[in-house]
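Here's the structure we're looking at; comments come further down.
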Amino acid sequence: MVNNKKKLLEYFFLFIIIIISSSFDLFTLLFSLSLLLVSYFNFGIETSFKTSTSAKEKHGINEKRSSRLGGIIILFFIIINLLFENNLNLIINESEKLSFYIIIIFFISFLGLADDVLNGINYGVKLYFLFFSILILIFTNNEFLVNSSGINFLDYFLNNYIFYFIITFFIISGFINASNMADGANGILSGIAFCFSFILFLHTNELIFFILFKFLFIFFLYNILISNVFLGDTGSYFLGFIISTISLYYFNNNQISAGFFACILSYPCLEIIFSIFRRLKLRQNPFKPDNQHLHNLIFIFLKKNFKKFNYTNSLTGITINLLFVLPACLYYLYYKVFNDVVFWYIFAFHVFVYTSSYTYILKRTTNSEID
């Protein structure tokens with residue numbers, strides 16, 4: 001009886017998602033049906049917490065077999081949709097620079113796909129190819145180089161090409177890894193990405209951001225309500241690269257402040273910083289995944305306190321987005337400003353929420369529950 005009710009609820013959610021998809025356009029409807037096809041007919045690369053070689057080697061909290069093809073499906077439909085649009089205004093106008101940018105997008109996405117297919121590539125090999133592709137990007141596209149911060153002390157160092165080259169390199173590579181690390185519960189990364197795209201669309205009125213938004217929004221709904229398809233490393237690498245480079249572009253052109261980006265992207269950034277410090281403190285490899293992220297602890301806490309609730313994974317992702325993404329979005333939607341010191345106050349609040357929540361839940365969690 002319980003399973004029948006769950007199935008009926010799932011069918012209802014599917015109906016709602018398809019209705020919302022059809023309200024956008026044909027591309028979005030086909031995208032939604034593709035997600036349905038992949039998930040319910042078990043196509044593609046599958047993942048399961050129970051089939052992992054080791055729980056400690058996995059940062060996600062999924063407990064059932066699910067497809068990891070979400071990222072590649074998103075990328076495919078974005079490309080198809082872009083090919084049918086004539087009024088696109090891309091942030092890179094020079095054809096040669098644009099070609100390098102597109103090649104690097106495909107290369108980084110393929111690196112994530114290979115990680116999905118092979119069920120994990122050696123982290124050293126991944127970092128080598130990731131760093132190599134980012135170096136090519138920086139050498140071929142100076143639009144992404146951070147050459148000014150607005151802070152006199154930092155700008156003194158940023159006058160040195162080598163210094164702002166290194167800063168740019170670490171921002172892009174760091175956020176790609178942060179995105180992959182933070183994508184451990186339903187809707188976290190897709191929620192951040194669709195909010196990011198939506199705000200940029202409102203600010204620029206550029207069609208490309210609306211295309212990103214509509215596919216990411218539908219995927220977010222599907223990931224939260226159905227939970228049978230995930231971004232995989234393909235999706236997290238692709239979104240991490242896109243978000244970091246677009247952020248650098250608009251920051252360098254003085255259109256959007258660093259405070260806004262720090263605020264709306266705070267969870268991946270805080271997660272990777274605290275994870276590295278935590279692992280170094282424990283004398284562990286800072287690049288290897290574990291199950292001690294904040295979203296893992298929230299999931300354990302919710303599962304322990306809401307045992308009969310079937311959507312604990314999704315509730316974890318929603319909680320993260322409500323705490324770390326929604327405040328910046330609401331503030332922008334109300335005041336329509338980007339260059340405001342309030343965003344830094346919100347970011348400071350995020351730091352407090354992260355540290356206090358982590359400490360509180362960790363004290364009430366046993367080592368066996370985390371492992």
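Labels for the structure tokens follow display order: chains A, B, ..., residues from 1 in each chain, ligands from 1.
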>> With only C-alpha atoms as the counted atoms, please give the residues lying no more than 10 Å from segment 121-126 of chain A, apart from itself and same-chain residues fewer than 6 positions off, as a PyMOL selection string.
In response: chain A and resi 108+111-112+114-115+132+287-289
> Do you know which residues are at most 9 Å from Tyr332 of chain A counting only C-alpha atoms, after dropping those on the same chain fewer than 5 positions away, and could you put them as a ChimeraX atom specification?
Replying inline: /A:199,260,327,337-338
>> Quick one: residues within 8 Å of segment 73-81 of chain A, only C-alpha atoms, excluding same-chain residues fewer than 5 positions away - as a list in words?
In response: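 Surrounding residues, per the criterion: Phe27, Phe31, Ser34, Leu35, Ile211, Leu212, Phe215, Leu216 and Gly235 of chain A.
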> Of the residues A:Thr359, A:Thr316, A:Ser257, A:Ser190, which is the one nearest to Val342 of chain A, using only C-alpha atoms?
Replying inline: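 Looking at the shortest contact to Val342 of chain A, the residue is A:Ser257.
Between Leu113 of chain A and the residues A:Thr312, A:Gln284, A:Asn86, A:Ser236, the shortest atom-to-atom distance, using only C-alpha atoms, involves A:Ser236.
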> segment 254-345 of chain A: which residues are alpha helix (DSSP H) by DSSP, as an MDAnalysis selection string?
Replying inline: chainID A and resid 258:264 266:281 294:305 312:324 326:335 342:345
> Expressed in Å to a single decimal, how great is the separation between atom CA of Ala328 of chain A and atom CA of Leu200 of chain A?
Replying inline: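 Spanning atom CA of Ala328 of chain A to atom CA of Leu200 of chain A is a straight-line distance of 12.7 Å.
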>> Please compute the atom CA of Asp340 of chain A-atom CA of Asp183 of chain A distance, one decimal, in Å.
In response: 28.6 Å
> Between A:Ser99, A:Thr204, A:Ser109, A:Ser66, which is the closest to Gln255 of chain A once you count only C-alpha atoms?
Replying inline: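 Ranking A:Ser99, A:Thr204, A:Ser109, A:Ser66 by distance to Gln255 of chain A, first place goes to A:Thr204.
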> How many Å separate atom CA of Phe165 of chain A from atom CA of Thr245 of chain A?
Replying inline: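 Separating atom CA of Phe165 of chain A from atom CA of Thr245 of chain A is a distance of 13.6 Å.
Residues with any atom within 7 Å of Ile188 of chain A, counting only C-alpha atoms and excluding same-chain neighbours fewer than 6 positions away, are A:Gly317, A:Ile320, A:Asn321.
When only C-alpha atoms are used to measure the gap to Phe144 of chain A, the shortest distance among A:Asn291, A:Ser32, A:Ser244, A:Asn296 belongs to A:Ser244.
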